[in-house]
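The file final_23.csv comes next; it holds CSV, C-alpha atoms.
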chain,number,residue,atom,x,y,z
A,475,MET,CA,108.9,-196.3,45.5
A,476,ASP,CA,105.9,-194.1,45.2
A,477,ASN,CA,104.3,-193.8,48.7
A,478,ASN,CA,101.1,-192.2,47.5
A,479,CYS,CA,97.7,-193.9,46.8
A,480,SER,CA,96.7,-194.7,43.3
A,481,ILE,CA,93.5,-196.1,41.6
A,482,SER,CA,93.0,-197.2,38.0
A,483,ASP,CA,90.2,-198.7,36.0
A,484,ASP,CA,92.3,-198.9,32.8
A,485,TRP,CA,92.3,-202.7,32.9
A,486,LYS,CA,90.3,-205.6,31.6
A,487,TYR,CA,90.8,-209.3,32.1
A,488,LYS,CA,89.1,-211.7,29.7
A,489,GLY,CA,86.7,-208.9,28.8
A,490,MET,CA,85.9,-208.1,32.5
A,491,LYS,CA,86.6,-204.6,34.0
A,492,VAL,CA,89.2,-204.6,36.7
A,493,VAL,CA,90.0,-201.8,39.2
A,494,PHE,CA,93.4,-201.7,41.0
A,495,MET,CA,93.8,-199.8,44.3
A,496,GLU,CA,97.3,-199.3,45.7
A,497,ASN,CA,99.4,-197.7,48.3
A,498,ARG,CA,103.0,-198.5,49.3
A,499,PHE,CA,101.8,-201.5,51.3
A,500,LEU,CA,98.8,-203.0,49.4
A,501,ARG,CA,97.8,-203.8,45.9
A,502,ILE,CA,94.1,-204.7,45.7
A,503,GLY,CA,92.6,-206.1,42.5
A,504,ILE,CA,88.8,-205.8,42.2
A,505,LEU,CA,86.9,-207.6,39.4
A,506,VAL,CA,83.9,-205.3,39.1
A,507,ASP,CA,82.5,-207.2,36.1
A,508,LYS,CA,82.4,-210.4,38.2
A,509,GLY,CA,80.8,-209.9,41.6
A,510,SER,CA,83.2,-207.1,42.6
A,511,ASP,CA,85.5,-210.0,43.7
A,512,ILE,CA,88.7,-209.2,45.4
A,513,PHE,CA,90.9,-211.4,43.3
A,514,GLU,CA,94.2,-210.0,44.5
A,515,PHE,CA,95.1,-208.8,48.0
A,516,ARG,CA,98.9,-208.4,47.9
A,517,TYR,CA,101.2,-207.3,50.7
A,518,LYS,CA,103.8,-205.5,48.6
A,519,PRO,CA,106.8,-205.5,51.1
A,520,LYS,CA,106.8,-209.3,50.9
A,521,ASP,CA,105.2,-209.6,47.5
A,522,LEU,CA,102.7,-212.1,48.9
A,523,ASP,CA,99.0,-212.6,48.1
A,524,PRO,CA,97.5,-215.0,50.7
A,525,LEU,CA,94.2,-215.6,48.7
A,526,LEU,CA,93.5,-218.9,47.0
A,527,ARG,CA,93.9,-219.1,43.2
A,528,LEU,CA,92.9,-222.4,41.6
A,529,SER,CA,94.8,-223.7,38.7
A,530,LYS,CA,91.8,-223.5,36.4
A,531,GLY,CA,92.0,-219.7,36.7
A,532,ILE,CA,89.4,-216.9,36.3
A,533,ARG,CA,86.7,-217.4,33.7
A,534,ASN,CA,84.1,-214.9,32.5
A,535,PRO,CA,80.6,-216.3,33.1
A,536,LEU,CA,79.1,-214.1,30.4
A,537,ARG,CA,81.6,-215.4,27.7
A,538,GLU,CA,82.4,-218.9,28.8
A,539,GLN,CA,78.9,-220.5,29.2
A,540,THR,CA,78.6,-224.1,30.3
A,541,HIS,CA,76.6,-226.4,28.1
A,542,VAL,CA,74.6,-228.3,30.8
A,543,PRO,CA,72.1,-226.4,33.0
A,544,ASN,CA,72.7,-226.7,36.7
A,545,ALA,CA,69.7,-226.2,39.0
A,546,ASN,CA,72.0,-225.7,41.9
A,547,GLY,CA,73.6,-222.6,40.3
A,548,LYS,CA,77.0,-221.8,38.7
A,549,PHE,CA,79.1,-220.6,41.7
A,550,GLU,CA,81.3,-223.7,41.9
A,551,GLU,CA,81.7,-223.9,38.1
A,552,TYR,CA,83.3,-220.5,37.9
A,553,TYR,CA,85.0,-220.5,41.3
A,554,TYR,CA,88.7,-219.8,41.2
A,555,GLY,CA,89.4,-218.6,44.7
A,556,GLY,CA,89.7,-215.0,46.0
A,557,TRP,CA,87.1,-213.1,48.0
A,558,GLN,CA,83.4,-213.1,46.9
A,559,GLU,CA,80.4,-211.3,48.2
A,560,THR,CA,77.6,-213.9,48.7
A,561,LEU,CA,73.9,-212.9,48.7
A,562,PRO,CA,71.0,-213.7,49.1
A,563,ASN,CA,71.6,-217.3,50.2
A,564,ALA,CA,74.1,-220.1,50.7
A,565,SER,CA,72.7,-223.5,49.5
A,566,GLY,CA,70.3,-223.4,46.6
A,567,LEU,CA,66.6,-223.4,47.3
A,568,HIS,CA,63.2,-222.3,46.0
A,569,TYR,CA,62.1,-219.2,47.8
A,570,LYS,CA,58.8,-217.2,47.3
A,571,GLY,CA,58.4,-218.3,43.8
A,572,THR,CA,62.0,-218.0,42.5
A,573,LEU,CA,65.0,-220.4,42.3
A,574,LEU,CA,68.1,-219.3,44.1
A,575,GLY,CA,71.3,-221.0,43.1
A,576,GLN,CA,74.1,-221.9,45.5
A,577,HIS,CA,75.7,-218.8,47.1
A,578,GLY,CA,73.2,-216.5,45.3
A,579,GLU,CA,73.7,-214.4,42.2
A,580,VAL,CA,75.9,-211.4,43.0
A,581,ALA,CA,79.2,-213.2,42.6
A,582,LEU,CA,78.6,-214.1,39.0
A,583,VAL,CA,77.4,-210.9,37.4
A,584,PRO,CA,78.8,-207.4,36.6
A,585,TRP,CA,78.3,-204.6,39.1
A,586,LYS,CA,78.2,-200.9,38.4
A,587,TYR,CA,81.0,-198.8,39.8
A,588,ALA,CA,82.4,-195.3,40.2
A,589,ILE,CA,85.7,-194.0,41.5
A,590,THR,CA,84.5,-191.5,44.1
A,591,LYS,CA,87.8,-190.4,45.6
A,592,ASN,CA,91.2,-190.2,43.9
A,593,SER,CA,93.9,-188.3,45.8
A,594,LYS,CA,97.4,-189.0,47.0
A,595,GLU,CA,96.1,-189.4,50.5
A,596,LYS,CA,93.0,-191.5,50.0
A,597,ILE,CA,91.2,-193.4,47.2
A,598,GLN,CA,87.7,-194.8,47.1
A,599,LEU,CA,85.7,-197.1,44.8
A,600,LYS,CA,82.0,-197.5,45.0
A,601,VAL,CA,80.3,-200.6,43.5
A,602,TRP,CA,76.6,-201.5,43.6
A,603,ILE,CA,74.1,-204.1,42.2
A,604,ARG,CA,70.4,-204.6,42.2
A,605,LEU,CA,69.6,-208.3,42.4
A,606,SER,CA,67.4,-209.9,39.7
A,607,THR,CA,65.9,-212.5,42.0
A,608,LEU,CA,65.0,-210.4,45.1
A,609,PRO,CA,64.3,-206.7,45.4
A,610,LEU,CA,67.6,-205.9,47.1
A,611,LEU,CA,70.2,-203.1,46.4
A,612,LEU,CA,73.7,-203.8,47.7
A,613,GLU,CA,76.2,-200.9,47.7
A,614,LYS,CA,79.8,-201.3,48.8
A,615,THR,CA,82.6,-198.7,49.1
A,616,PHE,CA,86.3,-199.7,49.3
A,617,THR,CA,88.6,-197.1,50.9
A,618,LEU,CA,92.4,-197.2,51.0
A,619,LYS,CA,94.4,-194.5,52.7
A,620,LYS,CA,98.1,-193.5,52.4
A,621,ASP,CA,100.4,-195.4,54.8
A,622,GLU,CA,97.6,-197.7,56.1
A,623,ILE,CA,98.0,-201.5,55.8
A,624,ARG,CA,94.3,-202.3,55.7
A,625,LEU,CA,91.4,-201.9,53.4
A,626,SER,CA,88.0,-200.5,54.7
A,627,ILE,CA,84.8,-201.9,53.2
A,628,LYS,CA,81.5,-200.1,54.0
A,629,GLU,CA,78.3,-201.9,52.8
A,630,LYS,CA,74.7,-200.9,52.7
A,631,LEU,CA,71.9,-203.3,51.9
A,632,THR,CA,68.4,-202.0,51.1
A,633,ASN,CA,65.1,-203.9,50.7
A,634,GLU,CA,63.5,-202.0,47.8
A,635,GLY,CA,60.4,-204.2,47.7
A,636,GLY,CA,57.1,-204.4,49.6
A,637,SER,CA,57.8,-207.8,51.2
A,638,SER,CA,59.8,-208.9,54.2
A,639,LEU,CA,62.7,-211.1,53.0
A,640,ASP,CA,64.8,-213.9,54.6
A,641,ILE,CA,68.4,-213.9,53.4
A,642,MET,CA,71.9,-215.2,54.1
A,643,TRP,CA,74.7,-212.8,53.5
A,644,GLY,CA,78.4,-213.8,53.6
A,645,GLN,CA,82.0,-212.9,52.7
A,646,HIS,CA,83.5,-215.9,50.9
A,647,ILE,CA,87.3,-215.5,51.7
A,648,ALA,CA,89.6,-218.3,50.8
A,649,PHE,CA,93.3,-218.6,51.4
A,650,GLY,CA,95.8,-220.8,49.5
A,651,LEU,CA,99.3,-221.7,48.6
A,652,PRO,CA,102.0,-220.5,49.1
A,653,PHE,CA,100.7,-218.8,52.2
A,654,LEU,CA,99.4,-222.0,53.7
A,655,LYS,CA,102.4,-224.2,52.8
A,656,ASP,CA,104.1,-224.1,56.1
A,657,GLY,CA,101.0,-224.1,58.2
A,658,VAL,CA,99.1,-221.3,59.9
A,659,LYS,CA,97.4,-220.6,63.2
A,660,ILE,CA,93.9,-219.1,63.5
A,661,GLU,CA,93.3,-216.5,66.3
A,662,THR,CA,89.7,-215.3,66.8
A,663,ASN,CA,87.4,-214.1,69.6
A,664,ALA,CA,84.7,-216.7,69.3
A,665,LEU,CA,83.3,-219.1,72.0
A,666,LYS,CA,82.2,-222.3,70.3
A,667,PHE,CA,82.1,-224.3,67.1
A,668,LYS,CA,80.4,-227.3,65.5
A,669,ALA,CA,81.2,-229.4,62.4
A,670,ASP,CA,78.7,-229.6,59.6
A,671,PRO,CA,77.1,-233.1,59.4
A,672,GLY,CA,77.0,-233.2,55.6
A,673,MET,CA,80.7,-233.4,54.8
A,674,GLU,CA,81.9,-236.8,53.6
A,675,PRO,CA,85.1,-238.4,55.1
A,676,PRO,CA,88.0,-238.1,55.3
A,677,ARG,CA,87.3,-235.2,57.7
A,678,ARG,CA,88.9,-233.6,60.7
A,679,PHE,CA,86.1,-233.2,63.3
A,680,LEU,CA,83.3,-235.3,64.8
A,681,PRO,CA,80.1,-233.8,63.3
A,682,GLY,CA,77.0,-232.7,65.3
A,683,LYS,CA,78.7,-232.1,68.6
A,684,GLU,CA,79.3,-228.5,69.9
A,685,PHE,CA,82.8,-227.7,71.2
A,686,LEU,CA,84.3,-224.8,73.0
A,687,TRP,CA,86.7,-223.0,70.6
A,688,PRO,CA,89.4,-224.0,69.8
A,689,TYR,CA,89.4,-227.6,71.0
A,690,GLY,CA,87.3,-230.3,69.3
A,691,GLU,CA,87.4,-234.0,68.8
A,692,ASN,CA,87.9,-236.3,65.9
A,693,SER,CA,85.7,-239.4,65.2
A,694,LYS,CA,87.9,-241.4,67.7
A,695,GLY,CA,87.4,-238.9,70.5
A,696,VAL,CA,90.9,-237.5,70.3
A,697,SER,CA,91.2,-233.8,71.2
A,698,ILE,CA,92.3,-231.5,68.3
A,699,ASN,CA,93.2,-227.8,68.4
A,700,ALA,CA,91.1,-226.4,65.5
A,701,SER,CA,93.2,-223.2,65.5
A,702,ASP,CA,96.3,-225.1,64.4
A,703,ILE,CA,96.3,-225.7,60.6
A,704,GLN,CA,98.9,-228.3,59.5
A,705,ASP,CA,101.5,-227.6,56.8
A,706,LEU,CA,101.3,-229.0,53.3
A,707,THR,CA,102.7,-232.4,54.3
A,708,GLY,CA,99.9,-232.9,56.9
A,709,GLU,CA,96.7,-235.0,56.7
A,710,VAL,CA,94.5,-235.1,53.6
A,711,TYR,CA,90.9,-234.2,54.6
A,712,ARG,CA,88.0,-231.8,54.0
A,713,ASP,CA,85.8,-230.2,56.6
A,714,LEU,CA,83.3,-227.5,57.2
A,715,CYS,CA,82.8,-226.0,60.7
A,716,TYR,CA,80.7,-223.1,62.1
A,717,ILE,CA,82.4,-220.9,64.6
A,718,GLU,CA,80.0,-218.8,66.7
A,719,GLY,CA,79.6,-216.7,69.9
A,720,TYR,CA,81.2,-213.5,68.6
A,721,PRO,CA,80.9,-210.1,70.3
A,722,LYS,CA,80.1,-207.1,68.1
A,723,GLU,CA,83.8,-206.4,67.6
A,724,ALA,CA,84.6,-209.7,65.9
A,725,PHE,CA,88.0,-210.5,64.4
A,726,TYR,CA,90.3,-213.2,63.2
A,727,ARG,CA,94.0,-213.3,62.5
A,728,LEU,CA,95.6,-215.9,60.3
A,729,ASN,CA,99.1,-216.1,61.5
A,730,ASN,CA,102.0,-217.4,59.4
A,731,ALA,CA,105.0,-217.7,61.7
A,732,LYS,CA,107.3,-218.9,58.9
A,733,ARG,CA,106.7,-215.7,56.9
A,734,ASN,CA,106.2,-213.4,60.0
A,735,LEU,CA,103.0,-212.2,58.6
A,736,SER,CA,99.4,-212.1,59.8
A,737,PHE,CA,96.2,-211.4,57.8
A,738,GLU,CA,93.5,-209.8,59.9
A,739,LEU,CA,89.8,-209.3,59.3
A,740,ARG,CA,87.5,-207.3,61.5
A,741,TRP,CA,83.7,-207.2,61.2
A,742,ASN,CA,80.4,-206.7,63.0
A,743,GLY,CA,79.7,-209.9,64.9
A,744,ASP,CA,76.1,-208.9,65.7
A,745,LEU,CA,75.4,-209.0,61.9
A,746,PHE,CA,77.8,-211.7,60.6
A,747,LYS,CA,77.3,-214.0,63.6
A,748,CYS,CA,78.9,-217.1,62.2
A,749,LEU,CA,82.4,-217.7,60.8
A,750,TRP,CA,82.5,-220.6,58.4
A,751,LEU,CA,85.7,-222.6,58.5
A,752,TRP,CA,86.1,-224.6,55.3
A,753,GLU,CA,89.1,-226.7,54.6
A,754,GLU,CA,89.9,-228.7,51.5
A,755,ARG,CA,93.2,-230.5,51.4
A,756,TYR,CA,93.3,-232.4,48.1
A,757,ALA,CA,90.6,-234.8,49.5
A,758,SER,CA,87.8,-234.3,47.0
A,759,LYS,CA,88.4,-236.2,43.8
A,760,GLY,CA,85.1,-235.4,42.1
A,761,PHE,CA,83.3,-232.2,41.0
A,762,PRO,CA,84.2,-229.4,41.6
A,763,TRP,CA,87.7,-229.8,42.9
A,764,TRP,CA,89.0,-233.0,41.1
A,765,GLY,CA,91.8,-233.4,43.7
A,766,ASP,CA,93.3,-230.0,42.8
A,767,CYS,CA,92.2,-227.7,45.6
A,768,TYR,CA,94.2,-226.9,48.8
A,769,THR,CA,92.5,-224.1,50.8
A,770,LEU,CA,91.5,-222.8,54.2
A,771,ALA,CA,88.5,-220.4,54.0
A,772,LEU,CA,87.3,-218.2,56.9
A,773,GLU,CA,84.0,-216.7,55.9
A,774,PRO,CA,81.8,-214.4,58.0
A,775,TRP,CA,78.1,-215.2,57.4
A,776,THR,CA,74.8,-214.0,58.9
A,777,SER,CA,74.0,-217.6,60.0
A,778,SER,CA,75.3,-221.1,59.8
A,779,GLY,CA,74.4,-223.6,57.1
A,780,ILE,CA,73.9,-226.5,59.4
A,781,LYS,CA,70.2,-226.9,58.7
A,782,ALA,CA,68.5,-227.3,55.4
A,783,SER,CA,67.7,-223.9,53.9
A,784,ASP,CA,63.9,-224.2,54.0
A,785,GLU,CA,64.1,-225.4,57.6
A,786,ALA,CA,66.4,-222.5,58.6
A,787,VAL,CA,64.0,-220.0,56.9
A,788,SER,CA,60.9,-221.4,58.7
A,789,ASN,CA,62.8,-221.3,62.0
A,790,GLY,CA,63.7,-217.6,61.5
A,791,GLU,CA,67.4,-218.3,61.6
A,792,TRP,CA,68.2,-216.3,58.5
A,793,LEU,CA,68.6,-212.6,58.5
A,794,GLY,CA,65.3,-210.7,58.1
A,795,ILE,CA,65.0,-207.4,56.2
A,796,LYS,CA,61.7,-205.5,56.2
A,797,PRO,CA,60.3,-203.5,53.3
A,798,GLY,CA,62.4,-200.3,53.0
A,799,GLU,CA,64.8,-201.4,55.7
A,800,ILE,CA,68.5,-200.5,55.3
A,801,ILE,CA,71.3,-202.6,56.9
A,802,SER,CA,74.7,-200.9,57.0
A,803,THR,CA,78.0,-202.5,58.1
A,804,GLU,CA,81.8,-202.1,57.8
A,805,LEU,CA,84.6,-204.6,57.5
A,806,SER,CA,88.4,-204.0,57.4
A,807,ALA,CA,91.1,-206.3,56.2
A,808,GLY,CA,94.9,-206.0,56.2
A,809,PHE,CA,98.3,-207.3,57.4
A,810,THR,CA,100.6,-207.2,60.4
A,811,GLU,CA,104.2,-208.3,60.5
A,812,ILE,CA,104.7,-210.6,63.5

Could you express the structure from this file as structure tokens?
Amino acid sequence: MDNNCSISDDWKYKGMKVVFMENRFLRIGILVDKGSDIFEFRYKPKDLDPLLRLSKGIRNPLREQTHVPNANGKFEEYYYGGWQETLPNASGLHYKGTLLGQHGEVALVPWKYAITKNSKEKIQLKVWIRLSTLPLLLEKTFTLKKDEIRLSIKEKLTNEGGSSLDIMWGQHIAFGLPFLKDGVKIETNALKFKADPGMEPPRRFLPGKEFLWPYGENSKGVSINASDIQDLTGEVYRDLCYIEGYPKEAFYRLNNAKRNLSFELRWNGDLFKCLWLWEERYASKGFPWWGDCYTLALEPWTSSGIKASDEAVSNGEWLGIKPGEIISTELSAGFTEI
């Protein structure tokens, strides 16, 4: 086995440029022509990728156009799983004269890229995009070092316009089978959580009531440990919760005792203040899942989505970025054998 780092942009998938970053532990696949998605995050010693991959597969939004316009955006139509960058919003809305579709635009379009470091000891990939809707420049650098079991991601967001902007910024990370088959446990350093009131039953938690993490209640008042995610034979439901109260050094671990493996994410809890916990366990029979989605997503966002977008903006709950302002942050993701 080659223990050195390697990086290659010699690949395309359905006409979209792909970059692979590898060391002896990790194989990271980045779809630079579609949002700079991380579509593969494989732990090579166990040949296991924990990310969700829906059966409909990855489609190229620039080649496989839908025939019916969707005012709410195209995110769900082209969603296949994986890890997306989401900017400048969550729910669709009209904002300062433009229409923003669900989860913004950056996950659906090509980014520019450059391999900035290529040695046996360390590799780096820089990707960047200027949004078409808002005057924002987002730059992101992936770094992988020899013998490390985690990927570093540095991000820089710049307001290049002359107006102050209100935005939502998130990391849309979803996990799937076979990693979730035998159940997992969430470990995170948050204080509280609340279930979104907009999800339809069957659901897991009583909406609208704030709970101390990790214990909540169902609609019958029965206590439930939100950190324990049942195995594949468990209940059929869907739910969306907002986990909050993070310190600056925020983290979660998704522990799989059966496979003796933990996926860990670390981020700045002062910026990405809210972790969205989304579960879909074959409960939704209509668009967009059609009874064929089994996932647990743990997504750091700059705010919750519990209020309507226009109300949240007017209340100052979204992240503000002034003209010329630069926001820099860093995340890291990797594995630990447990």

### Query
Near A:Ala588, counting only C-alpha atoms, which residues have an atom at most 6 Å away, once you skip same-chain residues fewer than 2 positions from it, shown as a PyMOL selection string?
chain A and resi 590+599-600

### Query
With distances taken over only C-alpha atoms, which of A:Leu505, A:Ile627, A:Val787, A:Val696 is nearest to A:Leu739?
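Nearest to A:Leu739: A:Ile627.
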
Please build the interface table for stretch 649-749 of chain A against stretch 522-544 of chain A with a cut-off of 8 Å, listing for each qualifying residue the nearest atom pair and the distance in Å to one decimal; count only C-alpha atoms, order rows by chain and increasing number, and write it as a tab-separated table.
residue	atom	partner	partner_atom	distance
A:Phe649	CA	A:Leu525	CA	4.1
A:Gly650	CA	A:Leu526	CA	3.9
A:Leu651	CA	A:Leu526	CA	6.6
A:Pro652	CA	A:Pro524	CA	7.3
A:Phe653	CA	A:Pro524	CA	5.2
A:Leu654	CA	A:Pro524	CA	7.8

### Task
Using atom CA of A:Glu613 and atom CA of A:Lys628 as the two end points, give the distance in Å to one decimal.
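Atom CA of A:Glu613 sits 8.3 Å away from atom CA of A:Lys628.
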
### Message
From the options A:Cys767, A:Ala807, A:Leu735, A:Ile717, which residue's atoms come nearest to A:Lys520, counting only C-alpha atoms?
### Response
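When distances to A:Lys520 are compared using only C-alpha atoms, the smallest one comes from A:Leu735.
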
### Query
atom CA of A:Arg604 and atom CA of A:Leu793, how far apart in Å?
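That distance, rounded to one decimal, is 18.2 Å.
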
### Query
With only C-alpha atoms as the basis for distance, which of A:Ile647, A:Ile698, A:Leu582, A:Met673 is at the shortest distance from A:Ala757?
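Closest candidate: A:Met673.
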